[in-house]
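**Q** The structure under discussion is supplied below as structure tokens; questions concerning it will follow.
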Amino acid sequence: MKKIIYMDHAATTYTKPEVVKEMMPYFTEYYGNPSSIYSFSRESKKAIDIARERVAGAINADASEIYFTGGGSEADNWAIKGIAFAHKDKGNHIITTSIEHHAVLHACEFLKKQGFEITYLPVDDNGMVRLEDLKNAITDKTILVTIMFANNEIGTIQPIKEIGKLCRERNIIFHTDAVQAVGHIPVDVKEMNIDLLSMAAHKFYGPKGVGALYIRKGIKIDNLIHGGAQERNRRAGTENISGIVGLGKAIDMAVKNMDANSKRISKLRDKLIDGLLKIPHTILNGAIGENRLPGNVNVCFRFIEGESILLLLDMNGICASSGSACTSGSLDPSHVLLAIGLPHEIAHGSLRLTLGDETTEDEVDYVLEVVPKIVQRLRDMSPLWDDYLKKGE
Ligand SMILES: *Cc1c(COP(=O)(O)O)cnc(C)c1O
């Protein structure tokens, strides 16, 4: 395979070799079903216990509050549907935001068809939820607030601690989709008053198809997956032992190296942002500084299409994204960019570059060399650019 420059870490990451190494024995050697009686299966059971401790430690939870799932989407679906159905006699109102991942938005749409009412909070032009809006949206029918920790497209980090405090005071259950946050920025479920939290291993150098839901002790929730008695009767299905082991190792490594990694990556991020903003008619999407994920860059180039930028980047060996992975293939601009107030024609020209542990400064320099040429080339072909040159604004 020819060398690629991978700048799409918000879509997924590679699995670190140290993680794969810890996973391997659970395919070939210790493959026993943890539910079995014989002592051979004890090795698999022990491995799951260790992973559970590691995941709990990373977010300041108790191991008994961690439930393994088949990824971030399942954790989100479980949290939202499980709370909605378990508390429907108390109320039918759910509050979320207009910039959530589709795993949350589509779960809410499903519930709407079942008779629940959904409020979508707006965000400001940096993508931040306003506490005032949340306060005003709460009614005596509100049973759940679900607000993402950090946005996967524009990297904005929400005031989770303040949101958690408000929900706790009002006695409303608070779920956060922390799939982009865990392993990258500090997460503390106690300090932040979080009741439920979703994570996915493949967003922090673990394997795909495995995640976890934190459920605070005492929170009543219905099951999503029915069947056997696994995960203390709450999530049926034979455990993905090697995946769970990989999740545990990946989170452990991510937390141990978090400070150094985030410092290094945010420096590269800022260099990339500064360089891209030198291109005329370019806008940065999302917050700046500490309210932005360390690895996230999202810009719009006016007068051109994000999809064409991606094709030309690909020809130069650069993997990037425009909007979210889930919307590519459709012609609608990203719901997140529309929510921060961008008009359709500008939102169409978006480019997301997300950096990771293995990103080098040389790669950033190369991207900064390639992107301006691509933008110019596309503008030279763009009727919108032509109009602009003829008429001005
Ligand atoms: C990737 C992602 C998900 C979905 O996780 P999967 O493991 O792919 O199911 C959910 N929410 C956010 C914010 C994400 O970035």
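Chains: A, B, ... in order of the structure tokens. Residues: from 1 per chain. Ligands: from 1, in order shown.
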With a distance cut-off of 7 Å and only C-alpha atoms, select the neighbouring residues of A:Phe301, excluding the residue or stretch itself and same-chain residues fewer than 5 positions from it, and output the selection as a list of chain:residue names.
**A**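 Answer for this query is A:His281, A:Thr282, A:Ile283, A:Gly349, A:Ser350.
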**Q** Distance table requested - chain A against ligand 1, cut-off 6 Å, only C-alpha atoms and all ligand atoms: one row per qualifying residue with the closest atom pair and its distance in Å to one decimal, ordered by chain and rising residue number, as JSON lines.
**A**
{"residue": "A:Gly71", "atom": "CA", "partner": "ligand 1", "partner_atom_place_in_ligand_line": "7 (O)", "distance": 3.9}
{"residue": "A:Gly72", "atom": "CA", "partner": "ligand 1", "partner_atom_place_in_ligand_line": "5 (O)", "distance": 3.5}
{"residue": "A:Ser73", "atom": "CA", "partner": "ligand 1", "partner_atom_place_in_ligand_line": "9 (O)", "distance": 3.6}
{"residue": "A:His101", "atom": "CA", "partner": "ligand 1", "partner_atom_place_in_ligand_line": "11 (N)", "distance": 5.0}
{"residue": "A:Ala103", "atom": "CA", "partner": "ligand 1", "partner_atom_place_in_ligand_line": "10 (C)", "distance": 5.7}
{"residue": "A:Asn151", "atom": "CA", "partner": "ligand 1", "partner_atom_place_in_ligand_line": "13 (C)", "distance": 5.9}
{"residue": "A:Asn152", "atom": "CA", "partner": "ligand 1", "partner_atom_place_in_ligand_line": "15 (O)", "distance": 4.8}
{"residue": "A:Asp177", "atom": "CA", "partner": "ligand 1", "partner_atom_place_in_ligand_line": "11 (N)", "distance": 5.9}
{"residue": "A:Val179", "atom": "CA", "partner": "ligand 1", "partner_atom_place_in_ligand_line": "12 (C)", "distance": 4.8}
{"residue": "A:Gln180", "atom": "CA", "partner": "ligand 1", "partner_atom_place_in_ligand_line": "15 (O)", "distance": 5.1}
{"residue": "A:Ala200", "atom": "CA", "partner": "ligand 1", "partner_atom_place_in_ligand_line": "7 (O)", "distance": 4.8}
**Q** Just to be explicit: take each residue in the selection above, keep C-alpha atoms, and write the result as a PDB file, in the first residue's frame.
**A**
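Saved as part-v1.pdb:
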ATOM      1  CA  GLY A  71     -19.711   0.259  20.081  1.00  0.00           C
ATOM      2  CA  GLY A  72     -20.717   3.890  20.459  1.00  0.00           C
ATOM      3  CA  SER A  73     -23.998   3.703  18.543  1.00  0.00           C
ATOM      4  CA  HIS A 101     -24.262  12.379  16.196  1.00  0.00           C
ATOM      5  CA  ALA A 103     -26.786   7.657  16.752  1.00  0.00           C
ATOM      6  CA  ASN A 151     -18.670  17.294  18.660  1.00  0.00           C
ATOM      7  CA  ASN A 152     -17.289  14.912  16.046  1.00  0.00           C
ATOM      8  CA  ASP A 177     -22.215  10.870  24.134  1.00  0.00           C
ATOM      9  CA  VAL A 179     -17.299   9.032  22.059  1.00  0.00           C
ATOM     10  CA  GLN A 180     -15.044  11.880  20.863  1.00  0.00           C
ATOM     11  CA  ALA A 200     -16.237   3.571  21.640  1.00  0.00           C
TER      12      ALA A 200
END
**Q** Using DSSP secondary structure from the backbone, list all strand (DSSP E) positions within stretch 66-294 of chain A, as a CSV table (one decimal) with all heavy atoms, in the first residue's frame.
**A**
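Below you can see selection_20.csv, which holds the result:
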chain,number,residue,atom,x,y,z
A,66,ILE,N,-20.0,-0.1,34.8
A,66,ILE,CA,-19.5,-0.2,33.4
A,66,ILE,C,-20.2,-1.4,32.7
A,66,ILE,O,-20.1,-2.5,33.2
A,66,ILE,CB,-18.0,-0.3,33.3
A,66,ILE,CG1,-17.3,0.9,34.0
A,66,ILE,CG2,-17.5,-0.4,31.8
A,66,ILE,CD1,-17.6,2.3,33.4
A,67,TYR,N,-20.8,-1.2,31.5
A,67,TYR,CA,-21.4,-2.2,30.7
A,67,TYR,C,-20.8,-2.2,29.3
A,67,TYR,O,-20.9,-1.1,28.7
A,67,TYR,CB,-22.9,-2.0,30.7
A,67,TYR,CG,-23.5,-2.1,32.1
A,67,TYR,CD1,-23.6,-1.0,32.9
A,67,TYR,CD2,-24.0,-3.3,32.6
A,67,TYR,CE1,-24.1,-1.1,34.2
A,67,TYR,CE2,-24.5,-3.4,33.9
A,67,TYR,CZ,-24.5,-2.3,34.7
A,67,TYR,OH,-25.0,-2.4,36.0
A,68,PHE,N,-20.3,-3.3,28.9
A,68,PHE,CA,-19.7,-3.4,27.5
A,68,PHE,C,-20.8,-3.5,26.5
A,68,PHE,O,-21.8,-4.2,26.7
A,68,PHE,CB,-18.7,-4.5,27.4
A,68,PHE,CG,-17.5,-4.3,28.3
A,68,PHE,CD1,-17.3,-5.1,29.4
A,68,PHE,CD2,-16.7,-3.2,28.1
A,68,PHE,CE1,-16.2,-4.9,30.3
A,68,PHE,CE2,-15.6,-2.9,29.0
A,68,PHE,CZ,-15.4,-3.8,30.0
A,69,THR,N,-20.6,-2.8,25.3
A,69,THR,CA,-21.5,-2.8,24.2
A,69,THR,C,-20.8,-3.1,22.9
A,69,THR,O,-19.6,-3.2,22.9
A,69,THR,CB,-22.2,-1.4,24.1
A,69,THR,OG1,-21.2,-0.5,23.7
A,69,THR,CG2,-22.8,-1.0,25.4
A,93,HIS,N,-40.7,13.7,27.9
A,93,HIS,CA,-40.0,14.8,27.3
A,93,HIS,C,-38.5,14.6,27.4
A,93,HIS,O,-38.0,14.3,28.4
A,93,HIS,CB,-40.3,16.1,27.9
A,93,HIS,CG,-39.7,17.3,27.3
A,93,HIS,ND1,-39.1,18.3,28.0
A,93,HIS,CD2,-39.5,17.6,26.0
A,93,HIS,CE1,-38.5,19.2,27.2
A,93,HIS,NE2,-38.8,18.8,25.9
A,94,ILE,N,-37.8,14.7,26.2
A,94,ILE,CA,-36.4,14.5,26.1
A,94,ILE,C,-35.7,15.7,25.5
A,94,ILE,O,-36.3,16.3,24.6
A,94,ILE,CB,-36.0,13.2,25.3
A,94,ILE,CG1,-36.6,12.0,25.9
A,94,ILE,CG2,-34.5,13.1,25.0
A,94,ILE,CD1,-36.6,10.7,25.0
A,95,ILE,N,-34.6,16.2,26.1
A,95,ILE,CA,-33.9,17.3,25.6
A,95,ILE,C,-32.6,16.9,25.0
A,95,ILE,O,-31.8,16.1,25.7
A,95,ILE,CB,-33.7,18.4,26.7
A,95,ILE,CG1,-35.0,18.9,27.2
A,95,ILE,CG2,-32.9,19.6,26.1
A,95,ILE,CD1,-34.9,19.8,28.4
A,96,THR,N,-32.3,17.3,23.8
A,96,THR,CA,-31.0,17.0,23.2
A,96,THR,C,-30.5,18.3,22.4
A,96,THR,O,-31.1,19.4,22.7
A,96,THR,CB,-31.1,15.8,22.3
A,96,THR,OG1,-29.8,15.4,21.8
A,96,THR,CG2,-32.0,15.9,21.1
A,97,THR,N,-29.6,18.2,21.5
A,97,THR,CA,-29.2,19.3,20.8
A,97,THR,C,-29.3,19.1,19.3
A,97,THR,O,-29.4,17.9,18.9
A,97,THR,CB,-27.7,19.7,21.1
A,97,THR,OG1,-26.8,18.8,20.3
A,97,THR,CG2,-27.4,19.6,22.5
A,117,GLU,N,-41.7,13.4,23.3
A,117,GLU,CA,-41.5,14.7,22.7
A,117,GLU,C,-40.0,15.1,22.8
A,117,GLU,O,-39.4,14.9,23.9
A,117,GLU,CB,-42.3,15.8,23.5
A,117,GLU,CG,-43.7,16.0,22.9
A,117,GLU,CD,-44.4,17.1,23.6
A,117,GLU,OE1,-43.9,18.2,23.8
A,117,GLU,OE2,-45.5,16.7,24.1
A,118,ILE,N,-39.5,15.6,21.7
A,118,ILE,CA,-38.0,15.9,21.7
A,118,ILE,C,-37.8,17.4,21.5
A,118,ILE,O,-38.4,18.0,20.6
A,118,ILE,CB,-37.3,15.2,20.6
A,118,ILE,CG1,-37.8,13.7,20.4
A,118,ILE,CG2,-35.8,15.2,20.7
A,118,ILE,CD1,-37.4,12.8,21.5
A,119,THR,N,-37.0,18.0,22.4
A,119,THR,CA,-36.6,19.4,22.2
A,119,THR,C,-35.1,19.4,21.7
A,119,THR,O,-34.3,18.7,22.3
A,119,THR,CB,-36.6,20.2,23.5
A,119,THR,OG1,-38.0,20.2,23.9
A,119,THR,CG2,-36.1,21.6,23.3
A,120,TYR,N,-34.8,20.0,20.6
A,120,TYR,CA,-33.5,20.1,20.0
A,120,TYR,C,-32.9,21.5,20.4
A,120,TYR,O,-33.4,22.5,19.8
A,120,TYR,CB,-33.5,19.9,18.5
A,120,TYR,CG,-34.0,18.6,18.1
A,120,TYR,CD1,-35.3,18.3,17.8
A,120,TYR,CD2,-33.1,17.5,18.0
A,120,TYR,CE1,-35.8,17.1,17.5
A,120,TYR,CE2,-33.6,16.2,17.7
A,120,TYR,CZ,-34.9,16.0,17.4
A,120,TYR,OH,-35.4,14.8,17.1
A,121,LEU,N,-32.0,21.6,21.3
A,121,LEU,CA,-31.5,22.9,21.7
A,121,LEU,C,-30.6,23.4,20.6
A,121,LEU,O,-29.9,22.7,19.9
A,121,LEU,CB,-30.6,22.8,23.0
A,121,LEU,CG,-31.3,22.3,24.2
A,121,LEU,CD1,-30.2,22.2,25.4
A,121,LEU,CD2,-32.4,23.3,24.6
A,142,THR,N,-39.9,16.4,31.7
A,142,THR,CA,-38.6,16.1,31.2
A,142,THR,C,-38.0,14.9,32.0
A,142,THR,O,-37.8,15.0,33.2
A,142,THR,CB,-37.6,17.3,31.2
A,142,THR,OG1,-38.2,18.4,30.6
A,142,THR,CG2,-36.3,17.0,30.5
A,143,ILE,N,-37.6,13.8,31.2
A,143,ILE,CA,-37.0,12.7,31.9
A,143,ILE,C,-35.6,12.5,31.6
A,143,ILE,O,-34.8,11.8,32.3
A,143,ILE,CB,-37.8,11.4,31.6
A,143,ILE,CG1,-38.0,11.2,30.1
A,143,ILE,CG2,-39.2,11.4,32.3
A,143,ILE,CD1,-38.6,9.9,29.6
A,144,LEU,N,-35.1,13.1,30.5
A,144,LEU,CA,-33.7,12.8,30.0
A,144,LEU,C,-33.2,14.1,29.3
A,144,LEU,O,-33.9,14.7,28.5
A,144,LEU,CB,-33.7,11.6,29.1
A,144,LEU,CG,-32.4,11.3,28.4
A,144,LEU,CD1,-31.3,10.9,29.4
A,144,LEU,CD2,-32.5,10.2,27.3
A,145,VAL,N,-31.9,14.4,29.6
A,145,VAL,CA,-31.2,15.4,28.8
A,145,VAL,C,-30.0,14.6,28.3
A,145,VAL,O,-29.3,13.9,29.0
A,145,VAL,CB,-30.6,16.5,29.7
A,145,VAL,CG1,-29.6,17.4,29.0
A,145,VAL,CG2,-31.8,17.4,30.2
A,146,THR,N,-29.8,14.6,26.9
A,146,THR,CA,-28.7,13.9,26.3
A,146,THR,C,-28.0,15.0,25.4
A,146,THR,O,-28.5,15.4,24.4
A,146,THR,CB,-29.1,12.7,25.5
A,146,THR,OG1,-28.0,12.2,24.8
A,146,THR,CG2,-30.3,12.9,24.6
A,173,ILE,N,-32.3,12.9,34.6
A,173,ILE,CA,-31.2,12.1,34.2
A,173,ILE,C,-30.4,12.7,33.0
A,173,ILE,O,-31.0,13.2,32.1
A,173,ILE,CB,-31.7,10.7,33.8
A,173,ILE,CG1,-32.4,10.0,35.0
A,173,ILE,CG2,-30.6,9.8,33.2
A,173,ILE,CD1,-33.1,8.7,34.7
A,174,PHE,N,-29.1,12.6,33.1
A,174,PHE,CA,-28.2,13.3,32.1
A,174,PHE,C,-27.3,12.2,31.5
A,174,PHE,O,-26.5,11.6,32.1
A,174,PHE,CB,-27.4,14.4,32.8
A,174,PHE,CG,-26.3,15.0,31.9
A,174,PHE,CD1,-26.6,15.3,30.6
A,174,PHE,CD2,-25.0,15.2,32.4
A,174,PHE,CE1,-25.6,15.8,29.8
A,174,PHE,CE2,-24.0,15.8,31.6
A,174,PHE,CZ,-24.3,16.1,30.3
A,175,HIS,N,-27.4,12.1,30.2
A,175,HIS,CA,-26.6,11.2,29.4
A,175,HIS,C,-25.7,12.0,28.5
A,175,HIS,O,-26.1,13.1,27.9
A,175,HIS,CB,-27.4,10.3,28.5
A,175,HIS,CG,-26.6,9.6,27.4
A,175,HIS,ND1,-26.7,9.9,26.0
A,175,HIS,CD2,-25.6,8.7,27.4
A,175,HIS,CE1,-25.9,9.2,25.3
A,175,HIS,NE2,-25.2,8.4,26.1
A,176,THR,N,-24.4,11.6,28.3
A,176,THR,CA,-23.6,12.3,27.4
A,176,THR,C,-22.9,11.3,26.4
A,176,THR,O,-22.4,10.3,26.9
A,176,THR,CB,-22.5,13.2,28.1
A,176,THR,OG1,-21.8,14.0,27.1
A,176,THR,CG2,-21.5,12.5,28.9
A,177,ASP,N,-22.9,11.6,25.1
A,177,ASP,CA,-22.2,10.9,24.1
A,177,ASP,C,-20.8,11.4,24.2
A,177,ASP,O,-20.5,12.5,23.7
A,177,ASP,CB,-22.9,11.1,22.8
A,177,ASP,CG,-22.1,10.5,21.6
A,177,ASP,OD1,-20.9,10.1,21.8
A,177,ASP,OD2,-22.6,10.4,20.5
A,196,LEU,N,-25.2,8.8,32.7
A,196,LEU,CA,-24.8,7.8,31.7
A,196,LEU,C,-23.9,8.4,30.7
A,196,LEU,O,-24.0,9.6,30.3
A,196,LEU,CB,-26.1,7.4,30.9
A,196,LEU,CG,-27.2,6.8,31.7
A,196,LEU,CD1,-28.4,7.8,31.7
A,196,LEU,CD2,-27.7,5.4,31.2
A,197,LEU,N,-22.9,7.6,30.2
A,197,LEU,CA,-21.9,8.1,29.3
A,197,LEU,C,-21.5,7.0,28.3
A,197,LEU,O,-21.3,5.8,28.7
A,197,LEU,CB,-20.7,8.5,30.1
A,197,LEU,CG,-19.4,8.9,29.3
A,197,LEU,CD1,-18.7,10.1,30.0
A,197,LEU,CD2,-18.4,7.8,29.1
A,198,SER,N,-21.5,7.3,27.0
A,198,SER,CA,-21.1,6.4,25.9
A,198,SER,C,-19.7,6.6,25.5
A,198,SER,O,-19.2,7.7,25.4
A,198,SER,CB,-22.0,6.6,24.7
A,198,SER,OG,-23.4,6.7,25.1
A,199,MET,N,-19.0,5.5,25.2
A,199,MET,CA,-17.7,5.6,24.6
A,199,MET,C,-17.5,4.4,23.5
A,199,MET,O,-18.3,3.5,23.5
A,199,MET,CB,-16.6,5.4,25.7
A,199,MET,CG,-16.6,4.1,26.3
A,199,MET,SD,-15.2,4.0,27.5
A,199,MET,CE,-15.8,4.8,28.9
A,200,ALA,N,-16.5,4.6,22.7
A,200,ALA,CA,-16.2,3.6,21.6
A,200,ALA,C,-14.7,3.4,21.5
A,200,ALA,O,-14.0,4.4,21.3
A,200,ALA,CB,-16.8,4.0,20.3
A,211,GLY,N,-17.6,-1.0,22.7
A,211,GLY,CA,-17.7,0.2,23.4
A,211,GLY,C,-18.2,-0.1,24.8
A,211,GLY,O,-18.2,-1.2,25.2
A,212,ALA,N,-18.6,1.0,25.5
A,212,ALA,CA,-19.1,0.8,26.8
A,212,ALA,C,-20.1,1.9,27.1
A,212,ALA,O,-20.1,3.0,26.6
A,212,ALA,CB,-18.0,0.8,27.9
A,213,LEU,N,-21.1,1.5,28.0
A,213,LEU,CA,-22.0,2.5,28.6
A,213,LEU,C,-21.8,2.5,30.1
A,213,LEU,O,-21.8,1.5,30.7
A,213,LEU,CB,-23.5,2.1,28.3
A,213,LEU,CG,-24.5,3.1,28.8
A,213,LEU,CD1,-24.4,4.5,28.1
A,213,LEU,CD2,-25.9,2.6,28.6
A,214,TYR,N,-21.5,3.7,30.6
A,214,TYR,CA,-21.5,3.9,32.1
A,214,TYR,C,-22.9,4.2,32.5
A,214,TYR,O,-23.5,5.1,31.9
A,214,TYR,CB,-20.5,5.0,32.4
A,214,TYR,CG,-20.8,5.8,33.7
A,214,TYR,CD1,-20.5,5.2,34.9
A,214,TYR,CD2,-21.5,7.0,33.7
A,214,TYR,CE1,-20.8,5.9,36.1
A,214,TYR,CE2,-21.8,7.6,34.9
A,214,TYR,CZ,-21.5,7.1,36.1
A,214,TYR,OH,-21.8,7.7,37.2
A,215,ILE,N,-23.4,3.5,33.5
A,215,ILE,CA,-24.7,3.7,34.1
A,215,ILE,C,-24.5,3.9,35.6
A,215,ILE,O,-24.1,3.0,36.3
A,215,ILE,CB,-25.7,2.5,33.8
A,215,ILE,CG1,-25.7,2.2,32.3
A,215,ILE,CG2,-27.0,2.9,34.4
A,215,ILE,CD1,-26.6,0.9,32.0
A,282,THR,N,-11.6,31.9,3.7
A,282,THR,CA,-11.7,30.6,4.5
A,282,THR,C,-12.2,30.9,5.9
A,282,THR,O,-11.7,31.9,6.5
A,282,THR,CB,-10.3,30.0,4.5
A,282,THR,OG1,-9.8,29.7,3.2
A,282,THR,CG2,-10.3,28.7,5.3
A,283,ILE,N,-13.1,30.1,6.4
A,283,ILE,CA,-13.6,30.3,7.7
A,283,ILE,C,-13.3,29.1,8.6
A,283,ILE,O,-13.5,28.0,8.1
A,283,ILE,CB,-15.2,30.5,7.7
A,283,ILE,CG1,-15.7,31.0,6.4
A,283,ILE,CG2,-15.7,31.3,8.8
A,283,ILE,CD1,-17.2,30.9,6.2
A,284,LEU,N,-13.0,29.4,9.8
A,284,LEU,CA,-12.8,28.3,10.8
A,284,LEU,C,-14.2,28.0,11.4
A,284,LEU,O,-14.9,28.9,11.8
A,284,LEU,CB,-11.9,28.7,11.9
A,284,LEU,CG,-11.7,27.7,13.0
A,284,LEU,CD1,-10.9,26.5,12.5
A,284,LEU,CD2,-10.9,28.3,14.2
**Q** Pick out the closest residue to A:Ala181 from this set: A:Lys113, A:Arg52, A:Lys263, A:Arg292. Count only C-alpha atoms.
**A**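 The answer is A:Arg292, which sits nearest to A:Ala181.
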**Q** Could you tell me, as a ChimeraX atom specification, which residues of stretch 33-88 of chain A DSSP assigns to alpha helix (DSSP H) when given the backbone?
**A** /A:42-59,72-86
